[in-house]
Amino acid sequence: MKSELLANLNSRQVLAVTHDSGPLLVIAGPGSGKTRVIVHRVAFLIEQQQIRPEEIMVVTFTNKASRELKERLKTLLGESVAERIISGTFHSIASKILRVNGDPIGIKNNFSIYDREDQIFVVRQACDFLGVDTKKFNPSIFLTKISNAKSKMIDPELLQTAAVSVFEKLVASVYLEYEKFLHDNQALDFDDLLLQACNLFEKVPQVLSNIQHRIKYLLVDEFQDTNLVQYKFAKQIAYESQNICVVGDPDQSIYSWRNADLKNILNFQKDFINCTVVKLVENYRSTSNILDASQALINKNNNRFDNDIETNNPEGAPIELYRADNEYDEANKIVEKIVKLRNDGFFYENFAVTYRVNAQSRAFEDAFIRKGIPYKLIGALKFYQRREIKDIIAYMRIIHNSNDDNSMLRVINVPPRGIGDRTIAALRSLANQKGSSLRNTLVDLDEEMIDIRKAGIKSLINFQRIVSGLIDNSFSQNNLTNLLDKLLSTTGYQEHIKGDIEHAEERWENIGELRSIVGQFDDLERDEALNRFLDQVALVTAEDDPSVEIKSAVTLITLHQTKGLEFPIVFIVGLEEGLLPHKRSLDSPEELEEERRLLYVGITRAISHLHLSWSTYRTIFGTTTRTIRSQFLENIPERLLHISNEHISHSEYPSFRNNSNLKLHQNELMDINVGDKVEHFKFGKGRVMKTILRPGDVELIVVFKVNGIKHLLSSVAKLKVLEEK
DNA sequence: GATGACGGTCTTTTT
DNA sequence: GACCGTCATC
C-alpha cells in the first residue's frame, strides 16, 4: 500500500506527503506537483496513520480547485472515503459554520450573502442616509476601503479612531452605516463570512473547541493568497492539534489587491516555530525553454524568496513573440496558429488565450465566431450576475429571509407594477417607524398610517399577495422547481422578459438554465432546498458558470483565473505597457512586481507551446491609442524567443511621440497623440482620433465637441493640448 | 409612474 | 461602446 502511495513521487514530495505531525510549510513552485502532494498526503494520513476522513479538512480558494481535489481524492481513495473528508473554500466552510452555530452571536441560519452588486447598493443607501454625494465619491471606493478594513479585522469604531483626514472619517462613517444596513437586512458580505466566523470562535469558545477536537489535520492550498482573517481562521482551527499543512508559492501571489498578505508565509514560520519547511523545486510541466523564460522573468523581482525552479524536461519549441497591428490582427494571427496547430494533432481544449482584463476577450470572440472555432469564455459574464437571474434570486431571498430589504427593493417594482419612488419612500418610512422590515410592514399594512395615494396602496397590497402566495408552502408546490415556476407566472416575470424584444430569447434561456440548477435540489424539502440553493448561489463563481460546459473548446481566460491550470498551448496577449503591467500598477514598485508575478503565473501554465503577443494599436473605450511593448518582454532572454513581424512600417506609425528618428518642425509640432484632449482657437475643444504622418507634417483627425470631425495639419492648426491620454 | 434620450463613467484582477 | 443614473416628457 505504502509503496503505491509513494510511487512516482520525488524525495521532497515524499517528505511532504509522509510528514507525521506538527506544522508543515510546503513552498511549491509552478508545476511541481502541489496538488499531487496534497492529495497523496490526505491519502497517507487515512491509509497509513489511520486518521478518519472526517478528521481532515482541506481548504481551497476556489470552488473549482475544491472540486478538482475531491475528484482526485475519489480516484485515489474511492468515493465513499473521499466524501467524508471535509473540504471546501474558505468562504463555504465559514458559511456552514455560521449557519449551524451563528445564533448566539445574532446570526440566524437563513442569513443572506451579499455579492458586490448588493454591496454597492448598500453603500449607496448608506451614502444617501449620510447625505454623501455618490457622484463625487464613487461607492466602489468606499467598498474597497470597507473590505480592506474588514480583512484586517478593523471595525468601524476603530477605523473612526484611526481616521485622520476628512475623507478617512467619511469612509469610517459610511462603514458604520453599511454595517447597520447589513445587520438590519440579516445579511453578510464575503468578508463577514470569515470575520464573523472568527468572531464566533472568540465569543463562543465552545464552537471553536468542538471544531478543534473534530479536525485533527488541516490542509490549506494556495496559502500565499490568504488574507489576515483567513489565516487567523485557519490558525485557530489548527491551534490544538498543531497539525496544519499549508502549501503555497510566494512567486504566484497575485491577489494582494484582495488583501492577500504574503507576510502570512513569514508569520506562519513565527507562529508555528518548529514548522518543517519543504521546497518543491522540480517542474514537471513545462519545456525548459518555457521554464527558463519564467525564471528569468521572476528573477527581476527584488522582493522575493530565493526559490529557483528546475526541470529535466526537453528544451522544446522556442517561445513565439508576435507584434500585431491592432487587437483584431492579434486575434486573427492567433486563429491562424490554432488552425495550424490543430492540423499538427492538437485539440481545441489544448489551447488557452490569456489576458490581463476581461474586455480583451471581445476581439477573440469575434474572430473565433467568424472562423467557427468553439470557445469557452471564463468569467466575463457571470451567470449568477445576470439581471434576470439576480431578480429571481432576489424573489427567493425575500421568501427565505423576511428581513432582506435589499432584495425587496430590487424587485418590488420588477416587473413594473405601479410602485414608484414615492410609494417606496412612504413604505420605507413606515417600516422605519415600526422598526420592522419592509416585508413585515407590508404583511399588516396600515392603510391609515401610510401617506400615499390610493393607487399606490393598491399596488402594494397586490405585491404583498403575490409574495405571500409564494411563501405559502401548503399546496402542491413543495419543491424548488415548483416554486420557481409559480414565481415566474404570478410575478409576471415571464411576460416581463418577453417584453425585452432584443434579449428575450437569451434571457429566457438563462432562466431555463436556472430551472435545471434549481431542479438539483428537488429531493429536499422546499425550505431546506431554498437554504442550500441560496447558499450555493452566493458562493459559486465564474468557473461554475453552467453556460460554459463546452467540452472541446479553446479557453478564453484572465491571467488571474489561470492559476492552478495548465494547457499544452498558451497564448498571452496584450503585452503592452499600461495593460500588462496594468497602468494602475505603474507608480508602485510593489504592484509592478505583482504584475510580473501575474505574467509569471501565465507563462508557467504552458506545457509545450508559449505564444506572446502585443499590438501597436489598441482600442480602449472606443478610442485607439498607440502602445509601447511591455517592459516585461525585456526580462526574457532573446535566445529563448522567436520573434516575428517585429518591424513597424511608417504608414502604421501615426504617432510620433515615441519616434525620435522623424525630423519634424519641433516648435510647430507639439507632442500630440491619439486620445489627447485638445483645444482649437476656432473649433473649440475636441479629441484627437487619428494622426497620419505627412511629409514634414502630421495630419490630425479631431472630433470637436461642437464642430464635429475636422482634418487639420499640425503645423497650421496650433492645437493646445489640454490633457494627454 | 413609465419610458426613452442623454451624459458621464468605466476596466484591473474575484471569493 | 456598454452600462448606469438622471432628467424631461408622456
# chains A, B, ... in the order shown; residues from 1 in each chain; ligands from 1

call {"tool": "interface_residues", "arguments": {"of": "chain A", "to": "chain B", "cutoff": "9 Å", "atoms": "only C-alpha atoms (C1' of nucleotides)", "output": "ChimeraX atom specification"}}
result
/A:61-62,89-91,190-191,254-255,257-258,356-359,416,418-421,539-542,558-561,579,582-584,621

call {"tool": "write_last_selection", "arguments": {"atoms": "N, CA and C atoms", "output": "mmCIF file, in the first residue's frame"}}
result
data_model
loop_
_atom_site.group_PDB
_atom_site.id
_atom_site.type_symbol
_atom_site.label_atom_id
_atom_site.label_comp_id
_atom_site.auth_asym_id
_atom_site.auth_seq_id
_atom_site.Cartn_x
_atom_site.Cartn_y
_atom_site.Cartn_z
ATOM 1 N N PHE A 61 -9.177 27.926 -2.335
ATOM 2 C CA PHE A 61 -9.701 29.269 -2.587
ATOM 3 C C PHE A 61 -10.891 29.275 -3.510
ATOM 4 N N THR A 62 -10.844 28.417 -4.522
ATOM 5 C CA THR A 62 -11.942 28.427 -5.485
ATOM 6 C C THR A 62 -12.714 27.117 -5.408
ATOM 7 N N THR A 89 -14.128 25.789 0.051
ATOM 8 C CA THR A 89 -13.426 27.069 0.055
ATOM 9 C C THR A 89 -13.500 27.666 1.452
ATOM 10 N N PHE A 90 -12.622 28.588 1.726
ATOM 11 C CA PHE A 90 -12.694 29.319 2.992
ATOM 12 C C PHE A 90 -14.116 29.815 3.241
ATOM 13 N N HIS A 91 -14.678 30.416 2.198
ATOM 14 C CA HIS A 91 -15.979 31.052 2.383
ATOM 15 C C HIS A 91 -17.084 30.039 2.628
ATOM 16 N N PHE A 190 -19.003 38.899 1.785
ATOM 17 C CA PHE A 190 -17.990 37.844 1.727
ATOM 18 C C PHE A 190 -16.994 37.937 2.886
ATOM 19 N N ASP A 191 -16.550 39.149 3.143
ATOM 20 C CA ASP A 191 -15.579 39.328 4.227
ATOM 21 C C ASP A 191 -16.165 38.910 5.569
ATOM 22 N N ILE A 254 -0.872 36.746 -6.409
ATOM 23 C CA ILE A 254 -1.413 37.749 -7.339
ATOM 24 C C ILE A 254 -2.706 38.368 -6.828
ATOM 25 N N TYR A 255 -2.961 38.206 -5.544
ATOM 26 C CA TYR A 255 -4.213 38.734 -5.008
ATOM 27 C C TYR A 255 -4.020 39.728 -3.868
ATOM 28 N N TRP A 257 -4.351 42.782 -4.020
ATOM 29 C CA TRP A 257 -5.440 43.768 -4.132
ATOM 30 C C TRP A 257 -6.694 43.272 -3.411
ATOM 31 N N ARG A 258 -6.739 41.977 -3.183
ATOM 32 C CA ARG A 258 -7.864 41.458 -2.409
ATOM 33 C C ARG A 258 -7.408 41.222 -0.969
ATOM 34 N N ARG A 356 -4.972 40.200 -19.589
ATOM 35 C CA ARG A 356 -4.976 40.934 -18.333
ATOM 36 C C ARG A 356 -6.377 41.338 -17.885
ATOM 37 N N VAL A 357 -7.161 41.867 -18.825
ATOM 38 C CA VAL A 357 -8.503 42.324 -18.439
ATOM 39 C C VAL A 357 -9.576 41.653 -19.296
ATOM 40 N N ASN A 358 -10.721 41.444 -18.695
ATOM 41 C CA ASN A 358 -11.811 40.757 -19.364
ATOM 42 C C ASN A 358 -12.186 41.367 -20.705
ATOM 43 N N ALA A 359 -12.097 42.700 -20.780
ATOM 44 C CA ALA A 359 -12.520 43.381 -22.007
ATOM 45 C C ALA A 359 -11.743 42.901 -23.231
ATOM 46 N N PRO A 416 -42.580 46.183 -13.692
ATOM 47 C CA PRO A 416 -43.263 47.376 -13.229
ATOM 48 C C PRO A 416 -44.694 47.066 -12.810
ATOM 49 N N GLY A 418 -46.496 49.560 -10.793
ATOM 50 C CA GLY A 418 -47.071 50.786 -10.259
ATOM 51 C C GLY A 418 -46.577 51.175 -8.876
ATOM 52 N N ILE A 419 -45.415 50.652 -8.479
ATOM 53 C CA ILE A 419 -44.851 51.051 -7.191
ATOM 54 C C ILE A 419 -43.618 51.908 -7.463
ATOM 55 N N GLY A 420 -43.799 53.201 -7.439
ATOM 56 C CA GLY A 420 -42.714 54.111 -7.791
ATOM 57 C C GLY A 420 -41.950 54.595 -6.579
ATOM 58 N N ASP A 421 -41.095 55.555 -6.809
ATOM 59 C CA ASP A 421 -40.220 56.058 -5.757
ATOM 60 C C ASP A 421 -40.981 56.567 -4.532
ATOM 61 N N LEU A 539 -22.050 31.600 -3.280
ATOM 62 C CA LEU A 539 -20.632 31.262 -3.158
ATOM 63 C C LEU A 539 -20.011 30.687 -4.422
ATOM 64 N N VAL A 540 -20.831 30.392 -5.410
ATOM 65 C CA VAL A 540 -20.236 29.919 -6.660
ATOM 66 C C VAL A 540 -19.691 31.100 -7.424
ATOM 67 N N THR A 541 -18.811 30.797 -8.340
ATOM 68 C CA THR A 541 -18.195 31.901 -9.071
ATOM 69 C C THR A 541 -18.057 31.572 -10.534
ATOM 70 N N ALA A 542 -17.271 32.394 -11.177
ATOM 71 C CA ALA A 542 -17.133 32.346 -12.623
ATOM 72 C C ALA A 542 -16.987 30.930 -13.179
ATOM 73 N N THR A 558 -8.874 35.192 -18.004
ATOM 74 C CA THR A 558 -7.951 36.204 -17.478
ATOM 75 C C THR A 558 -6.754 35.497 -16.841
ATOM 76 N N LEU A 559 -5.642 36.197 -16.789
ATOM 77 C CA LEU A 559 -4.446 35.613 -16.196
ATOM 78 C C LEU A 559 -4.698 35.216 -14.745
ATOM 79 N N HIS A 560 -5.462 36.028 -14.035
ATOM 80 C CA HIS A 560 -5.721 35.703 -12.634
ATOM 81 C C HIS A 560 -6.400 34.341 -12.482
ATOM 82 N N GLN A 561 -7.311 34.087 -13.391
ATOM 83 C CA GLN A 561 -8.074 32.850 -13.249
ATOM 84 C C GLN A 561 -7.327 31.614 -13.732
ATOM 85 N N LEU A 579 -1.143 47.847 -19.938
ATOM 86 C CA LEU A 579 -2.108 46.749 -19.924
ATOM 87 C C LEU A 579 -1.516 45.583 -19.123
ATOM 88 N N HIS A 582 -0.399 46.566 -15.880
ATOM 89 C CA HIS A 582 -1.549 47.450 -15.942
ATOM 90 C C HIS A 582 -1.167 48.851 -15.475
ATOM 91 N N LYS A 583 -1.830 49.864 -16.076
ATOM 92 C CA LYS A 583 -1.404 51.244 -15.783
ATOM 93 C C LYS A 583 -1.597 51.619 -14.319
ATOM 94 N N ARG A 584 -2.535 50.952 -13.669
ATOM 95 C CA ARG A 584 -2.764 51.302 -12.270
ATOM 96 C C ARG A 584 -1.633 50.820 -11.360
ATOM 97 N N PHE A 621 -12.070 51.824 -24.614
ATOM 98 C CA PHE A 621 -13.195 52.761 -24.514
ATOM 99 C C PHE A 621 -13.504 53.406 -25.848
#

call {"tool": "interface_residues", "arguments": {"of": "chain C", "to": "chain A", "cutoff": "12 Å", "atoms": "only C-alpha atoms (C1' of nucleotides)", "output": "count of residues only"}}
result
5

call {"tool": "residues_around", "arguments": {"residues": "range 588-603 of chain A", "least_positions_apart": "5", "cutoff": "9 Å", "atoms": "only C-alpha atoms (C1' of nucleotides)", "output": "count of residues only"}}
result
35

call {"tool": "select_by_dssp", "arguments": {"residues": "range 377-591 of chain A", "states": "alpha helix (DSSP H)", "output": "PyMOL selection string"}}
result
chain A and resi 387-400+405-411+421-434+438-443+454-471+480-490+493-498+504-519+526-539+589-591

call {"tool": "residues_around", "arguments": {"residues": "Gly316 in chain A", "least_positions_apart": "2", "cutoff": "8 Å", "atoms": "only C-alpha atoms (C1' of nucleotides)", "output": "MDAnalysis selection string"}}
result
chainID A and resid 287:289 314 318 608:609

call {"tool": "atom_distance", "arguments": {"atom1": "CA of Glu566 in chain A", "atom2": "CA of Glu327 in chain A"}}
result
24.5 Å

call {"tool": "atom_distance", "arguments": {"atom1": "CA of Asn110 in chain A", "atom2": "CA of Gln186 in chain A"}}
result
8.2 Å

call {"tool": "atom_distance", "arguments": {"atom1": "CA of Val14 in chain A", "atom2": "CA of Ser32 in chain A"}}
result
12.6 Å

call {"tool": "decode", "arguments": {"residues": "range 114-150 of chain A", "atoms": "N, CA, C and O atoms", "output": "CSV table (one decimal), in the first residue's frame"}}
result
chain,number,residue,atom,x,y,z
A,114,TYR,N,-24.4,38.8,0.6
A,114,TYR,CA,-24.4,39.8,-0.4
A,114,TYR,C,-23.2,39.8,-1.3
A,114,TYR,O,-22.1,39.8,-0.8
A,115,ASP,N,-23.4,39.9,-2.6
A,115,ASP,CA,-22.3,40.0,-3.5
A,115,ASP,C,-22.0,41.4,-3.8
A,115,ASP,O,-22.6,42.3,-3.2
A,116,ARG,N,-21.1,41.7,-4.7
A,116,ARG,CA,-20.6,43.0,-4.9
A,116,ARG,C,-21.7,44.0,-5.3
A,116,ARG,O,-21.8,45.1,-4.9
A,117,GLU,N,-22.6,43.5,-6.2
A,117,GLU,CA,-23.7,44.4,-6.6
A,117,GLU,C,-24.6,44.7,-5.4
A,117,GLU,O,-25.0,45.9,-5.3
A,118,ASP,N,-24.9,43.8,-4.6
A,118,ASP,CA,-25.7,44.1,-3.4
A,118,ASP,C,-25.0,45.0,-2.5
A,118,ASP,O,-25.6,46.0,-1.9
A,119,GLN,N,-23.7,44.8,-2.4
A,119,GLN,CA,-22.9,45.7,-1.5
A,119,GLN,C,-22.9,47.1,-2.0
A,119,GLN,O,-23.0,48.0,-1.2
A,120,ILE,N,-22.7,47.3,-3.3
A,120,ILE,CA,-22.8,48.7,-3.8
A,120,ILE,C,-24.1,49.3,-3.5
A,120,ILE,O,-24.2,50.5,-3.1
A,121,PHE,N,-25.2,48.5,-3.6
A,121,PHE,CA,-26.5,49.1,-3.3
A,121,PHE,C,-26.6,49.5,-1.9
A,121,PHE,O,-27.1,50.6,-1.5
A,122,VAL,N,-26.0,48.7,-1.0
A,122,VAL,CA,-26.0,49.1,0.4
A,122,VAL,C,-25.2,50.3,0.7
A,122,VAL,O,-25.6,51.2,1.4
A,123,VAL,N,-24.0,50.4,0.0
A,123,VAL,CA,-23.2,51.6,0.2
A,123,VAL,C,-23.9,52.8,-0.3
A,123,VAL,O,-23.9,53.9,0.4
A,124,ARG,N,-24.6,52.7,-1.4
A,124,ARG,CA,-25.4,53.8,-1.9
A,124,ARG,C,-26.4,54.3,-0.8
A,124,ARG,O,-26.6,55.5,-0.6
A,125,GLN,N,-27.1,53.3,-0.2
A,125,GLN,CA,-28.1,53.7,0.8
A,125,GLN,C,-27.4,54.4,2.0
A,125,GLN,O,-27.9,55.3,2.5
A,126,ALA,N,-26.3,53.8,2.4
A,126,ALA,CA,-25.5,54.4,3.5
A,126,ALA,C,-25.1,55.9,3.1
A,126,ALA,O,-25.3,56.8,3.9
A,127,CYS,N,-24.7,56.1,1.9
A,127,CYS,CA,-24.3,57.4,1.4
A,127,CYS,C,-25.6,58.3,1.4
A,127,CYS,O,-25.5,59.5,1.9
A,128,ASP,N,-26.7,57.8,0.9
A,128,ASP,CA,-27.9,58.6,0.9
A,128,ASP,C,-28.2,59.1,2.3
A,128,ASP,O,-28.5,60.2,2.6
A,129,PHE,N,-28.2,58.1,3.2
A,129,PHE,CA,-28.5,58.3,4.6
A,129,PHE,C,-27.6,59.4,5.2
A,129,PHE,O,-28.1,60.3,6.0
A,130,LEU,N,-26.4,59.4,4.8
A,130,LEU,CA,-25.4,60.3,5.4
A,130,LEU,C,-25.3,61.6,4.6
A,130,LEU,O,-24.6,62.5,5.0
A,131,GLY,N,-26.1,61.7,3.5
A,131,GLY,CA,-26.0,62.9,2.7
A,131,GLY,C,-24.7,63.0,1.9
A,131,GLY,O,-24.3,64.1,1.6
A,132,VAL,N,-24.1,61.8,1.6
A,132,VAL,CA,-22.8,61.8,0.9
A,132,VAL,C,-23.2,61.8,-0.6
A,132,VAL,O,-24.0,60.9,-1.1
A,133,ASP,N,-22.6,62.7,-1.4
A,133,ASP,CA,-22.8,62.7,-2.8
A,133,ASP,C,-22.1,61.6,-3.6
A,133,ASP,O,-20.9,61.6,-3.7
A,134,THR,N,-22.9,60.6,-4.1
A,134,THR,CA,-22.2,59.5,-4.7
A,134,THR,C,-21.7,59.8,-6.1
A,134,THR,O,-21.1,59.0,-6.8
A,135,LYS,N,-22.0,61.0,-6.6
A,135,LYS,CA,-21.3,61.5,-7.8
A,135,LYS,C,-19.9,61.9,-7.5
A,135,LYS,O,-19.0,61.7,-8.4
A,136,LYS,N,-19.7,62.5,-6.4
A,136,LYS,CA,-18.4,62.9,-6.0
A,136,LYS,C,-17.5,61.8,-5.5
A,136,LYS,O,-16.4,61.7,-5.8
A,137,PHE,N,-18.2,60.9,-4.8
A,137,PHE,CA,-17.4,59.8,-4.2
A,137,PHE,C,-18.0,58.5,-4.8
A,137,PHE,O,-19.2,58.2,-4.6
A,138,ASN,N,-17.2,57.8,-5.5
A,138,ASN,CA,-17.7,56.6,-6.1
A,138,ASN,C,-17.9,55.5,-5.0
A,138,ASN,O,-17.0,55.2,-4.3
A,139,PRO,N,-19.1,54.9,-5.0
A,139,PRO,CA,-19.4,53.9,-4.0
A,139,PRO,C,-18.4,52.8,-3.9
A,139,PRO,O,-18.1,52.3,-2.8
A,140,SER,N,-17.8,52.4,-5.1
A,140,SER,CA,-16.9,51.3,-5.1
A,140,SER,C,-15.6,51.6,-4.3
A,140,SER,O,-15.0,50.7,-3.8
A,141,ILE,N,-15.3,52.9,-4.2
A,141,ILE,CA,-14.1,53.3,-3.4
A,141,ILE,C,-14.4,53.0,-2.0
A,141,ILE,O,-13.5,52.4,-1.3
A,142,PHE,N,-15.6,53.3,-1.5
A,142,PHE,CA,-15.9,53.0,-0.1
A,142,PHE,C,-15.9,51.5,0.1
A,142,PHE,O,-15.4,51.1,1.1
A,143,LEU,N,-16.4,50.8,-0.9
A,143,LEU,CA,-16.5,49.4,-0.7
A,143,LEU,C,-15.1,48.8,-0.6
A,143,LEU,O,-14.8,47.9,0.3
A,144,THR,N,-14.2,49.3,-1.4
A,144,THR,CA,-12.8,48.8,-1.3
A,144,THR,C,-12.2,49.1,0.1
A,144,THR,O,-11.6,48.2,0.7
A,145,LYS,N,-12.4,50.3,0.5
A,145,LYS,CA,-11.9,50.7,1.9
A,145,LYS,C,-12.5,49.8,3.0
A,145,LYS,O,-11.8,49.4,3.9
A,146,ILE,N,-13.8,49.6,2.8
A,146,ILE,CA,-14.5,48.7,3.8
A,146,ILE,C,-13.9,47.3,3.8
A,146,ILE,O,-13.6,46.8,4.9
A,147,SER,N,-13.8,46.8,2.6
A,147,SER,CA,-13.2,45.4,2.5
A,147,SER,C,-11.8,45.4,3.1
A,147,SER,O,-11.5,44.4,3.7
A,148,ASN,N,-11.0,46.4,2.8
A,148,ASN,CA,-9.7,46.4,3.3
A,148,ASN,C,-9.7,46.4,4.8
A,148,ASN,O,-9.0,45.6,5.4
A,149,ALA,N,-10.6,47.2,5.4
A,149,ALA,CA,-10.7,47.3,6.9
A,149,ALA,C,-11.1,45.9,7.4
A,149,ALA,O,-10.5,45.4,8.3
A,150,LYS,N,-12.1,45.3,6.8
A,150,LYS,CA,-12.6,44.0,7.3
A,150,LYS,C,-11.6,42.9,7.2
A,150,LYS,O,-11.5,42.1,8.1
